[in-house]
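Asker: So here's entry-v4.cif (mmCIF, C-alpha atoms).
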data_coords
#
loop_
_atom_site.group_PDB
_atom_site.id
_atom_site.type_symbol
_atom_site.label_atom_id
_atom_site.label_comp_id
_atom_site.auth_asym_id
_atom_site.auth_seq_id
_atom_site.Cartn_x
_atom_site.Cartn_y
_atom_site.Cartn_z
ATOM 1 C CA MET H 7 25.909 -16.460 19.981
ATOM 2 C CA ALA H 8 23.792 -13.967 21.864
ATOM 3 C CA SER H 9 21.322 -15.454 24.312
ATOM 4 C CA PHE H 10 17.707 -15.653 23.171
ATOM 5 C CA HIS H 11 15.745 -12.908 24.883
ATOM 6 C CA VAL H 12 12.545 -11.130 23.964
ATOM 7 C CA ILE H 13 10.853 -9.244 26.783
ATOM 8 C CA ALA H 14 13.958 -7.829 28.462
ATOM 9 C CA GLY H 15 17.182 -6.826 26.774
ATOM 10 C CA ALA H 16 20.603 -8.411 26.780
ATOM 11 C CA SER H 17 21.083 -7.556 30.461
ATOM 12 C CA GLU H 18 17.899 -9.525 31.241
ATOM 13 C CA THR H 19 16.612 -6.532 33.199
ATOM 14 C CA LEU H 20 14.121 -3.920 32.056
ATOM 15 C CA GLU H 21 15.947 -0.796 30.928
ATOM 16 C CA HIS H 22 14.052 2.486 31.160
ATOM 17 C CA THR H 23 14.845 5.061 28.502
ATOM 18 C CA LYS H 24 14.497 8.799 28.875
ATOM 19 C CA ILE H 25 11.995 10.639 26.675
ATOM 20 C CA LYS H 26 12.461 14.198 25.446
ATOM 21 C CA LYS H 27 9.859 16.802 24.502
ATOM 22 C CA ILE H 28 9.913 17.725 20.815
ATOM 23 C CA GLY H 29 7.916 20.082 18.618
ATOM 24 C CA VAL H 30 6.392 20.009 15.161
ATOM 25 C CA SER H 31 9.504 21.751 13.811
ATOM 26 C CA ASP H 32 11.495 18.692 14.878
ATOM 27 C CA LEU H 33 9.230 16.518 12.731
ATOM 28 C CA PHE H 34 9.890 18.598 9.654
ATOM 29 C CA ASP H 35 13.611 18.532 10.393
ATOM 30 C CA ALA H 36 13.383 14.735 10.644
ATOM 31 C CA LEU H 37 11.584 14.669 7.293
ATOM 32 C CA ARG H 38 14.283 16.840 5.770
ATOM 33 C CA ARG H 39 16.936 14.463 7.074
ATOM 34 C CA GLY H 40 14.897 11.527 5.765
ATOM 35 C CA VAL H 41 14.823 13.070 2.298
ATOM 36 C CA ASP H 42 18.571 13.655 2.528
ATOM 37 C CA ASP H 43 19.194 10.007 3.467
ATOM 38 C CA PHE H 44 17.078 8.880 0.544
ATOM 39 C CA MET H 45 18.762 11.205 -1.947
ATOM 40 C CA VAL H 46 22.217 10.048 -0.903
ATOM 41 C CA LYS H 47 21.357 6.355 -1.240
ATOM 42 C CA PRO H 48 18.277 6.071 -3.485
ATOM 43 C CA SER H 49 19.272 2.565 -4.592
ATOM 44 C CA HIS H 50 17.521 1.216 -1.516
ATOM 45 C CA ILE H 51 14.248 1.241 -3.445
ATOM 46 C CA VAL H 52 15.580 -1.563 -5.649
ATOM 47 C CA PHE H 53 15.366 -4.215 -2.945
ATOM 48 C CA LEU H 54 13.142 -2.733 -0.246
ATOM 49 C CA CYS H 55 10.789 -0.027 -1.282
ATOM 50 C CA LEU H 56 9.406 -1.532 -4.462
ATOM 51 C CA ILE H 57 8.206 -4.509 -2.426
ATOM 52 C CA TYR H 58 5.542 -2.336 -0.830
ATOM 53 C CA PRO H 59 3.878 -1.042 -4.037
ATOM 54 C CA LEU H 60 4.283 -4.380 -5.842
ATOM 55 C CA VAL H 61 2.518 -6.255 -3.085
ATOM 56 C CA GLY H 62 -0.163 -3.586 -3.152
ATOM 57 C CA VAL H 63 -0.673 -4.087 -6.876
ATOM 58 C CA VAL H 64 -0.874 -7.859 -6.435
ATOM 59 C CA LEU H 65 -3.446 -7.515 -3.685
ATOM 60 C CA ALA H 66 -5.466 -5.045 -5.730
ATOM 61 C CA ALA H 67 -5.522 -7.484 -8.640
ATOM 62 C CA TRP H 68 -6.383 -10.379 -6.336
ATOM 63 C CA THR H 69 -9.338 -8.504 -4.878
ATOM 64 C CA SER H 70 -10.593 -7.148 -8.214
ATOM 65 C CA GLY H 71 -13.228 -9.843 -8.346
ATOM 66 C CA ALA H 72 -16.557 -9.157 -6.662
ATOM 67 C CA ASN H 73 -16.122 -11.854 -4.008
ATOM 68 C CA ALA H 74 -13.125 -10.239 -2.310
ATOM 69 C CA LEU H 75 -13.858 -6.647 -3.325
ATOM 70 C CA PRO H 76 -15.030 -5.539 0.157
ATOM 71 C CA LEU H 77 -11.556 -6.360 1.491
ATOM 72 C CA LEU H 78 -9.688 -4.162 -1.008
ATOM 73 C CA PHE H 79 -9.740 -0.992 1.090
ATOM 74 C CA PRO H 80 -8.978 -2.787 4.397
ATOM 75 C CA LEU H 81 -6.016 -4.545 2.746
ATOM 76 C CA VAL H 82 -4.559 -1.405 1.213
ATOM 77 C CA SER H 83 -5.132 0.818 4.240
ATOM 78 C CA GLY H 84 -3.942 -1.942 6.543
ATOM 79 C CA PHE H 85 -0.459 -1.716 5.061
ATOM 80 C CA ALA H 86 0.024 1.369 7.234
ATOM 81 C CA LEU H 87 -0.288 -0.921 10.253
ATOM 82 C CA ILE H 88 2.726 -3.029 9.258
ATOM 83 C CA GLY H 89 4.687 -0.151 7.740
ATOM 84 C CA PRO H 90 6.893 0.347 10.832
ATOM 85 C CA PHE H 91 8.141 -3.231 10.462
ATOM 86 C CA ALA H 92 8.416 -3.086 6.643
ATOM 87 C CA ALA H 93 10.803 -0.129 6.911
ATOM 88 C CA ILE H 94 13.167 -1.698 9.420
ATOM 89 C CA GLY H 95 16.005 -2.007 6.907
ATOM 90 C CA LEU H 96 15.776 1.720 6.239
ATOM 91 C CA TYR H 97 16.277 2.501 9.915
ATOM 92 C CA GLU H 98 19.479 0.474 9.785
ATOM 93 C CA ILE H 99 20.732 2.396 6.748
ATOM 94 C CA SER H 100 20.069 5.725 8.493
ATOM 95 C CA ARG H 101 21.799 4.438 11.621
ATOM 96 C CA ARG H 102 24.864 3.451 9.640
ATOM 97 C CA ARG H 103 24.993 6.741 7.774
ATOM 98 C CA GLU H 104 24.720 8.646 11.045
ATOM 99 C CA ALA H 105 27.614 6.599 12.437
ATOM 100 C CA GLY H 106 29.747 7.204 9.340
ATOM 101 C CA LEU H 107 29.647 3.549 8.285
ATOM 102 C CA ASP H 108 29.228 2.020 4.845
ATOM 103 C CA THR H 109 25.611 2.443 3.702
ATOM 104 C CA SER H 110 25.535 0.058 0.761
ATOM 105 C CA TRP H 111 22.050 -1.346 0.230
ATOM 106 C CA ARG H 112 23.108 -4.829 1.326
ATOM 107 C CA HIS H 113 23.521 -3.570 4.879
ATOM 108 C CA ALA H 114 19.759 -3.250 5.223
ATOM 109 C CA PHE H 115 19.710 -7.033 5.559
ATOM 110 C CA GLU H 116 22.162 -6.930 8.458
ATOM 111 C CA VAL H 117 19.184 -6.491 10.739
ATOM 112 C CA ARG H 118 19.143 -10.294 10.834
ATOM 113 C CA ASN H 119 22.406 -10.141 12.811
ATOM 114 C CA SER H 120 21.034 -7.741 15.411
ATOM 115 C CA PRO H 121 21.214 -9.051 18.998
ATOM 116 C CA ALA H 122 17.682 -7.689 19.413
ATOM 117 C CA LEU H 123 16.312 -9.827 16.565
ATOM 118 C CA PRO H 124 14.015 -11.926 18.819
ATOM 119 C CA ALA H 125 12.489 -8.745 20.272
ATOM 120 C CA ILE H 126 12.181 -7.213 16.794
ATOM 121 C CA ALA H 127 10.408 -10.360 15.612
ATOM 122 C CA ALA H 128 8.084 -10.260 18.629
ATOM 123 C CA VAL H 129 7.016 -6.671 17.946
ATOM 124 C CA GLY H 130 6.663 -7.505 14.245
ATOM 125 C CA ILE H 131 4.385 -10.434 15.076
ATOM 126 C CA MET H 132 2.319 -8.086 17.217
ATOM 127 C CA LEU H 133 1.900 -5.761 14.229
ATOM 128 C CA PHE H 134 0.848 -8.595 11.937
ATOM 129 C CA ALA H 135 -1.657 -9.736 14.576
ATOM 130 C CA ILE H 136 -3.106 -6.210 14.640
ATOM 131 C CA PHE H 137 -3.223 -6.239 10.827
ATOM 132 C CA ILE H 138 -5.131 -9.550 10.741
ATOM 133 C CA THR H 139 -7.481 -8.332 13.481
ATOM 134 C CA TRP H 140 -8.190 -5.215 11.418
ATOM 135 C CA LEU H 141 -9.045 -7.328 8.358
ATOM 136 C CA LEU H 142 -11.354 -9.583 10.360
ATOM 137 C CA THR H 143 -13.018 -6.588 12.001
ATOM 138 C CA ALA H 144 -13.534 -4.879 8.647
ATOM 139 C CA GLN H 145 -15.007 -8.059 7.169
ATOM 140 C CA MET H 146 -17.392 -8.590 10.091
ATOM 141 C CA PHE H 147 -18.518 -4.955 9.977
ATOM 142 C CA TYR H 148 -19.195 -5.198 6.244
ATOM 143 C CA GLN H 149 -21.177 -8.403 6.699
ATOM 144 C CA TYR H 150 -23.134 -6.839 9.564
ATOM 145 C CA LEU H 151 -24.273 -4.049 7.228
ATOM 146 C CA PHE H 152 -24.588 -5.902 3.908
ATOM 147 C CA GLY H 153 -24.920 -9.548 4.858
ATOM 148 C CA PRO H 154 -22.661 -12.503 4.025
ATOM 149 C CA ALA H 155 -23.450 -12.556 0.286
ATOM 150 C CA PRO H 156 -20.658 -11.059 -1.879
ATOM 151 C CA PRO H 157 -21.407 -8.126 -4.223
ATOM 152 C CA GLU H 158 -22.956 -9.190 -7.525
ATOM 153 C CA SER H 159 -20.669 -6.895 -9.506
ATOM 154 C CA ILE H 160 -18.085 -4.187 -9.096
ATOM 155 C CA SER H 161 -20.486 -1.499 -10.297
ATOM 156 C CA GLY H 162 -23.171 -2.756 -7.939
ATOM 157 C CA PHE H 163 -20.702 -2.707 -5.056
ATOM 158 C CA ILE H 164 -19.661 0.889 -5.815
ATOM 159 C CA ASN H 165 -23.301 1.950 -6.019
ATOM 160 C CA GLU H 166 -24.078 0.283 -2.680
ATOM 161 C CA ILE H 167 -21.152 2.041 -0.999
ATOM 162 C CA PHE H 168 -21.696 5.569 -2.304
ATOM 163 C CA ALA H 169 -25.433 5.734 -2.947
ATOM 164 C CA THR H 170 -26.963 4.117 0.128
ATOM 165 C CA GLY H 171 -27.201 4.996 3.794
ATOM 166 C CA ARG H 172 -25.563 1.792 4.926
ATOM 167 C CA GLY H 173 -22.752 2.431 2.468
ATOM 168 C CA TRP H 174 -21.995 5.773 4.064
ATOM 169 C CA THR H 175 -22.274 4.142 7.467
ATOM 170 C CA LEU H 176 -19.585 1.718 6.322
ATOM 171 C CA ILE H 177 -17.385 4.562 5.073
ATOM 172 C CA ILE H 178 -17.707 6.742 8.176
ATOM 173 C CA LEU H 179 -17.634 4.105 10.916
ATOM 174 C CA GLY H 180 -15.093 2.046 8.982
ATOM 175 C CA HIS H 181 -12.709 4.988 9.023
ATOM 176 C CA VAL H 182 -13.340 5.492 12.733
ATOM 177 C CA ILE H 183 -12.523 1.843 13.428
ATOM 178 C CA GLY H 184 -9.433 2.042 11.226
ATOM 179 C CA PHE H 185 -8.362 5.191 13.063
ATOM 180 C CA VAL H 186 -8.463 3.295 16.365
ATOM 181 C CA PHE H 187 -6.193 0.581 14.947
ATOM 182 C CA ALA H 188 -3.824 3.225 13.559
ATOM 183 C CA VAL H 189 -3.612 4.979 16.930
ATOM 184 C CA VAL H 190 -2.770 1.683 18.639
ATOM 185 C CA VAL H 191 0.058 1.052 16.173
ATOM 186 C CA LEU H 192 1.361 4.615 16.446
ATOM 187 C CA CYS H 193 1.389 4.499 20.235
ATOM 188 C CA THR H 194 3.094 1.121 20.489
ATOM 189 C CA THR H 195 5.651 1.277 17.677
ATOM 190 C CA VAL H 196 6.413 4.906 16.789
ATOM 191 C CA VAL H 197 10.029 4.465 17.962
ATOM 192 C CA ALA H 198 10.042 0.761 18.900
ATOM 193 C CA PHE H 199 11.990 -0.649 15.955
ATOM 194 C CA PRO H 200 14.616 2.118 15.752
ATOM 195 C CA LEU H 201 15.166 1.739 19.503
ATOM 196 C CA LEU H 202 15.661 -2.021 19.192
ATOM 197 C CA LEU H 203 18.161 -1.534 16.368
ATOM 198 C CA ASP H 204 20.037 1.029 18.395
ATOM 199 C CA ARG H 205 19.852 -0.673 21.788
ATOM 200 C CA ASP H 206 18.893 -4.198 22.760
ATOM 201 C CA VAL H 207 16.358 -3.155 25.400
ATOM 202 C CA GLY H 208 13.765 -5.881 24.810
ATOM 203 C CA ALA H 209 10.283 -5.844 23.299
ATOM 204 C CA TYR H 210 8.534 -4.606 26.439
ATOM 205 C CA GLU H 211 10.716 -1.534 26.850
ATOM 206 C CA ALA H 212 10.583 -0.755 23.110
ATOM 207 C CA ILE H 213 6.769 -0.714 23.195
ATOM 208 C CA HIS H 214 6.694 1.057 26.548
ATOM 209 C CA THR H 215 9.068 3.733 25.280
ATOM 210 C CA SER H 216 6.858 4.340 22.246
ATOM 211 C CA VAL H 217 3.817 4.774 24.479
ATOM 212 C CA ARG H 218 5.718 7.176 26.744
ATOM 213 C CA ALA H 219 6.965 9.125 23.711
ATOM 214 C CA VAL H 220 3.377 9.635 22.562
ATOM 215 C CA LEU H 221 2.132 10.554 26.043
ATOM 216 C CA ALA H 222 4.969 13.063 26.469
ATOM 217 C CA ASN H 223 4.388 14.587 23.020
ATOM 218 C CA PRO H 224 0.690 13.978 22.211
ATOM 219 C CA ILE H 225 0.171 16.828 19.762
ATOM 220 C CA THR H 226 3.517 16.355 18.025
ATOM 221 C CA MET H 227 2.994 12.619 17.642
ATOM 222 C CA ALA H 228 -0.559 13.184 16.410
ATOM 223 C CA VAL H 229 0.886 15.468 13.733
ATOM 224 C CA TRP H 230 3.460 12.795 12.868
ATOM 225 C CA GLY H 231 0.688 10.230 12.489
ATOM 226 C CA LEU H 232 -1.193 12.636 10.219
ATOM 227 C CA ILE H 233 1.927 13.261 8.123
ATOM 228 C CA VAL H 234 2.463 9.513 7.695
ATOM 229 C CA ALA H 235 -1.190 8.910 6.799
ATOM 230 C CA VAL H 236 -1.323 11.711 4.222
ATOM 231 C CA ALA H 237 2.008 10.678 2.706
ATOM 232 C CA LEU H 238 0.874 7.050 2.349
ATOM 233 C CA ILE H 239 -2.387 8.155 0.728
ATOM 234 C CA ILE H 240 -0.537 10.366 -1.755
ATOM 235 C CA GLY H 241 1.944 7.580 -2.484
ATOM 236 C CA SER H 242 -0.850 5.073 -3.044
ATOM 237 C CA VAL H 243 -2.751 7.141 -5.600
ATOM 238 C CA PRO H 244 -0.631 6.352 -8.698
ATOM 239 C CA VAL H 245 -1.214 2.563 -8.480
ATOM 240 C CA PHE H 246 0.945 2.442 -5.329
ATOM 241 C CA ALA H 247 4.049 3.442 -7.312
ATOM 242 C CA GLY H 248 4.531 6.613 -5.283
ATOM 243 C CA LEU H 249 5.197 4.480 -2.225
ATOM 244 C CA ALA H 250 8.592 3.629 -3.739
ATOM 245 C CA VAL H 251 9.585 7.181 -2.766
ATOM 246 C CA VAL H 252 7.234 7.870 0.150
ATOM 247 C CA LEU H 253 8.079 4.728 2.142
ATOM 248 C CA PRO H 254 11.867 5.179 2.227
ATOM 249 C CA ILE H 255 11.579 8.848 3.134
ATOM 250 C CA LEU H 256 9.185 8.044 5.985
ATOM 251 C CA GLY H 257 11.403 5.166 7.077
ATOM 252 C CA HIS H 258 14.534 7.288 7.209
ATOM 253 C CA ALA H 259 12.623 10.144 8.849
ATOM 254 C CA THR H 260 11.324 7.775 11.543
ATOM 255 C CA TRP H 261 14.904 7.046 12.561
ATOM 256 C CA HIS H 262 15.525 10.764 13.004
ATOM 257 C CA VAL H 263 12.276 11.196 14.952
ATOM 258 C CA TYR H 264 13.564 8.459 17.250
ATOM 259 C CA ARG H 265 16.862 10.294 17.694
ATOM 260 C CA LYS H 266 15.021 13.464 18.636
ATOM 261 C CA VAL H 267 12.543 11.984 21.098
ATOM 262 C CA VAL H 268 14.621 9.281 22.842
ATOM 263 C CA ALA H 269 17.605 10.446 24.868
ATOM 264 C CA GLN H 270 20.827 8.574 24.302
ATOM 265 C CA PRO H 271 22.416 6.757 27.243
ATOM 266 C CA ALA H 272 25.744 7.819 28.702
ATOM 267 C CA SER H 273 27.414 5.025 26.737
ATOM 268 C CA ALA H 274 25.701 4.765 23.345
ATOM 269 C CA ARG H 275 25.626 1.538 21.366
ATOM 270 C CA PRO H 276 28.933 1.094 19.538
ATOM 271 C CA ALA H 277 28.720 1.210 15.766
ATOM 272 C CA SER H 278 29.181 -2.067 13.947
#
Show this structure as structure tokens.
Answerer:
Amino acid sequence: MASFHVIAGASETLEHTKIKKIGVSDLFDALRRGVDDFMVKPSHIVFLCLIYPLVGVVLAAWTSGANALPLLFPLVSGFALIGPFAAIGLYEISRRREAGLDTSWRHAFEVRNSPALPAIAAVGIMLFAIFITWLLTAQMFYQYLFGPAPPESISGFINEIFATGRGWTLIILGHVIGFVFAVVVLCTTVVAFPLLLDRDVGAYEAIHTSVRAVLANPITMAVWGLIVAVALIIGSVPVFAGLAVVLPILGHATWHVYRKVVAQPASARPAS
């Protein structure tokens, strides 16, 4: 059994990866490859990608009452913060297809056998901590503007949000705050999970590599973040059902973005 390691990789030393400069055209090529991966093996939505919209529907129903209504938007938008972790099985499928291995849907669960599983779990916990922090921040900001009392009704809540000054303050500043959280997630995990699946470099280097990838390609990565945000919004419109297509495409495309921006070592990870 592989030794338990989180911060460093299997060698117990910090490995430094090489970052490449990429352009916006590389992003669209990655998207094209992501669509191709999805079209070849669309059955992945059966066990992975329907989870995302179904959970969204459940949360929407749960928050339909007036008491929890202010948390509906933070919950739905906050899914983008844990999306990189939710799509981890899709990265594995793209990795296997690239290596010419069997890409049956069951292989998405083989992530549990990855030697980097402790590091993957550590970065995933970090994302969930950011998600919870976002929810708490959104709740505190709402209560700062509207007080601790819940909305009296759904119609009253909608009127308060769109027909009052404090409502527009909530909309504008709430989006600004959410943007900050999204930037943090983009910078720390844009290639973290694909890197850990490909090479057991440890949680620190996976996060550090993501930050360096963004710093080396700020405009390109900003465009990638915008593409992801717009795609998730479009996928969420039809009662979250569109995410069953949007999420796998973005997941597969993220693997190809990783391949483009992170240079491979002299001896690449052997396929398994």
Asker: Which polymer residues have any atom within 12 Å of an atom of Val236 in chain H, counting only C-alpha atoms, with same-chain residues fewer than 4 positions away left out, as a PDB file with C-alpha atoms, in the coordinates of the input?
Answerer:
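File written: around.pdb
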ATOM      1  CA  SER H  83      -5.132   0.818   4.240  1.00  0.00           C
ATOM      2  CA  ALA H  86       0.024   1.369   7.234  1.00  0.00           C
ATOM      3  CA  VAL H 229       0.886  15.468  13.733  1.00  0.00           C
ATOM      4  CA  TRP H 230       3.460  12.795  12.868  1.00  0.00           C
ATOM      5  CA  GLY H 231       0.688  10.230  12.489  1.00  0.00           C
ATOM      6  CA  LEU H 232      -1.193  12.636  10.219  1.00  0.00           C
ATOM      7  CA  ILE H 240      -0.537  10.366  -1.755  1.00  0.00           C
ATOM      8  CA  GLY H 241       1.944   7.580  -2.484  1.00  0.00           C
ATOM      9  CA  SER H 242      -0.850   5.073  -3.044  1.00  0.00           C
ATOM     10  CA  VAL H 243      -2.751   7.141  -5.600  1.00  0.00           C
ATOM     11  CA  LEU H 249       5.197   4.480  -2.225  1.00  0.00           C
ATOM     12  CA  VAL H 252       7.234   7.870   0.150  1.00  0.00           C
ATOM     13  CA  LEU H 253       8.079   4.728   2.142  1.00  0.00           C
ATOM     14  CA  LEU H 256       9.185   8.044   5.985  1.00  0.00           C
TER      15      LEU H 256
END
Asker: What is the CA of Glu166 in chain H to CA of Val189 in chain H distance in Å?
Answerer: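 Between CA of Glu166 in chain H and CA of Val189 in chain H the gap is 28.7 Å.
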Asker: For the atom pair CA of Asn165 in chain H and CA of Pro80 in chain H, what is the interatomic distance in Å to one decimal place?
Answerer: 18.3 Å
Asker: Residue by residue, what does the PyMOL selection byres ((chain H and resi 110) around 12) grab here? Present the result as a list in words.
Answerer: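 On the file shown, the PyMOL selection byres ((chain H and resi 110) around 12) covers Val46, Lys47, Pro48, Ser49, His50, Val52, Phe53, Gly95, Leu96, Glu98, Ile99, Ser100, Arg102, Arg103, Gly106, Leu107, Asp108, Thr109, Trp111, Arg112, His113, Ala114, Phe115 and Glu116 of chain H.
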Asker: List every protein, DNA or RNA residue with an atom no more than 12 Å from (17.4, -10.4, 11.2) in the file's coordinates, counting only C-alpha atoms, and format the result as a list in words.
Answerer: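 I get Phe91, Ile94, Gly95, Glu98, His113, Ala114, Phe115, Glu116, Val117, Arg118, Asn119, Ser120, Pro121, Ala122, Leu123, Pro124, Ala125, Ile126, Ala127, Ala128, Gly130, Leu202 and Leu203 of chain H for the residues within 12 Å of that point.
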Asker: Nearest to Val30 in chain H: which of H:Ile136, H:Ile239, H:Leu75, H:Met227 is it, counting all atoms listed in the file?
Answerer: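 Comparing H:Ile136, H:Ile239, H:Leu75, H:Met227 against Val30 in chain H, the winner is H:Met227.
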Asker: Which residues would end up in the selection if the PyMOL selection byres ((chain H and resi 87) around 9) were applied here, given that I need the answer as a PDB file with C-alpha atoms, in the coordinates of the input?
Answerer:
ATOM      1  CA  SER H  83      -5.132   0.818   4.240  1.00  0.00           C
ATOM      2  CA  GLY H  84      -3.942  -1.942   6.543  1.00  0.00           C
ATOM      3  CA  PHE H  85      -0.459  -1.716   5.061  1.00  0.00           C
ATOM      4  CA  ALA H  86       0.024   1.369   7.234  1.00  0.00           C
ATOM      5  CA  ILE H  88       2.726  -3.029   9.258  1.00  0.00           C
ATOM      6  CA  GLY H  89       4.687  -0.151   7.740  1.00  0.00           C
ATOM      7  CA  PRO H  90       6.893   0.347  10.832  1.00  0.00           C
ATOM      8  CA  PHE H  91       8.141  -3.231  10.462  1.00  0.00           C
ATOM      9  CA  LEU H 133       1.900  -5.761  14.229  1.00  0.00           C
ATOM     10  CA  PHE H 134       0.848  -8.595  11.937  1.00  0.00           C
ATOM     11  CA  ILE H 136      -3.106  -6.210  14.640  1.00  0.00           C
ATOM     12  CA  PHE H 137      -3.223  -6.239  10.827  1.00  0.00           C
ATOM     13  CA  PHE H 187      -6.193   0.581  14.947  1.00  0.00           C
ATOM     14  CA  ALA H 188      -3.824   3.225  13.559  1.00  0.00           C
ATOM     15  CA  VAL H 191       0.058   1.052  16.173  1.00  0.00           C
ATOM     16  CA  LEU H 192       1.361   4.615  16.446  1.00  0.00           C
TER      17      LEU H 192
END
Asker: Might you pull out every residue within 9 Å of Pro76 in chain H, with only C-alpha atoms counted and same-chain residues fewer than 6 positions away left off, and present them as a PyMOL selection string?
Answerer: chain H and resi 69+144-145+148+156-157+163
Asker: Quote the spacing between CA of Ala219 in chain H and CA of Phe34 in chain H in Å to one decimal place.
Answerer: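 According to the coordinates, CA of Ala219 in chain H and CA of Phe34 in chain H are separated by 17.2 Å.
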Asker: Nearest residue to Leu201 in chain H out of H:Gly40, H:His181, H:Ser216, H:Gly248, using all atoms listed in the file?
Answerer: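 Checking each of H:Gly40, H:His181, H:Ser216, H:Gly248 against Leu201 in chain H, counting all atoms listed in the file, the winner is H:Ser216.
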Asker: Can you patch up range 240-259 of chain H, filling it in to N, CA and C atoms, and show the result as a short mmCIF file (atom, residue, chain, number, x, y, z; two decimals), keeping the file's coordinate frame?
Answerer:
data_model
loop_
_atom_site.label_atom_id
_atom_site.label_comp_id
_atom_site.auth_asym_id
_atom_site.auth_seq_id
_atom_site.Cartn_x
_atom_site.Cartn_y
_atom_site.Cartn_z
N ILE H 240 -1.07 9.76 -0.53
CA ILE H 240 -0.54 10.37 -1.76
C ILE H 240 0.29 9.35 -2.53
N GLY H 241 1.11 8.58 -1.82
CA GLY H 241 1.94 7.58 -2.48
C GLY H 241 1.16 6.45 -3.09
N SER H 242 -0.04 6.18 -2.55
CA SER H 242 -0.85 5.07 -3.04
C SER H 242 -1.67 5.43 -4.28
N VAL H 243 -1.87 6.72 -4.51
CA VAL H 243 -2.75 7.14 -5.60
C VAL H 243 -2.30 6.63 -6.97
N PRO H 244 -1.03 6.83 -7.36
CA PRO H 244 -0.63 6.35 -8.70
C PRO H 244 -0.32 4.85 -8.70
N VAL H 245 -1.36 4.02 -8.49
CA VAL H 245 -1.21 2.56 -8.48
C VAL H 245 -0.10 2.12 -7.52
N PHE H 246 -0.01 2.77 -6.38
CA PHE H 246 0.94 2.44 -5.33
C PHE H 246 2.39 2.76 -5.69
N ALA H 247 2.67 3.23 -6.90
CA ALA H 247 4.05 3.44 -7.31
C ALA H 247 4.73 4.54 -6.49
N GLY H 248 3.95 5.53 -6.07
CA GLY H 248 4.53 6.61 -5.28
C GLY H 248 5.11 6.16 -3.96
N LEU H 249 4.67 5.00 -3.49
CA LEU H 249 5.20 4.48 -2.22
C LEU H 249 6.68 4.12 -2.33
N ALA H 250 7.17 3.92 -3.55
CA ALA H 250 8.59 3.63 -3.74
C ALA H 250 9.46 4.80 -3.31
N VAL H 251 8.87 6.00 -3.25
CA VAL H 251 9.59 7.18 -2.77
C VAL H 251 9.13 7.54 -1.36
N VAL H 252 7.80 7.46 -1.14
CA VAL H 252 7.23 7.87 0.15
C VAL H 252 7.72 6.97 1.28
N LEU H 253 7.70 5.65 1.08
CA LEU H 253 8.08 4.73 2.14
C LEU H 253 9.51 4.91 2.62
N PRO H 254 10.50 4.99 1.72
CA PRO H 254 11.87 5.18 2.23
C PRO H 254 12.07 6.49 2.95
N ILE H 255 11.44 7.55 2.46
CA ILE H 255 11.58 8.85 3.13
C ILE H 255 11.00 8.77 4.54
N LEU H 256 9.80 8.19 4.67
CA LEU H 256 9.18 8.04 5.98
C LEU H 256 10.03 7.13 6.88
N GLY H 257 10.58 6.07 6.29
CA GLY H 257 11.40 5.17 7.08
C GLY H 257 12.64 5.85 7.63
N HIS H 258 13.35 6.56 6.75
CA HIS H 258 14.53 7.29 7.21
C HIS H 258 14.15 8.36 8.22
N ALA H 259 13.05 9.07 7.95
CA ALA H 259 12.62 10.14 8.85
C ALA H 259 12.26 9.59 10.22
#
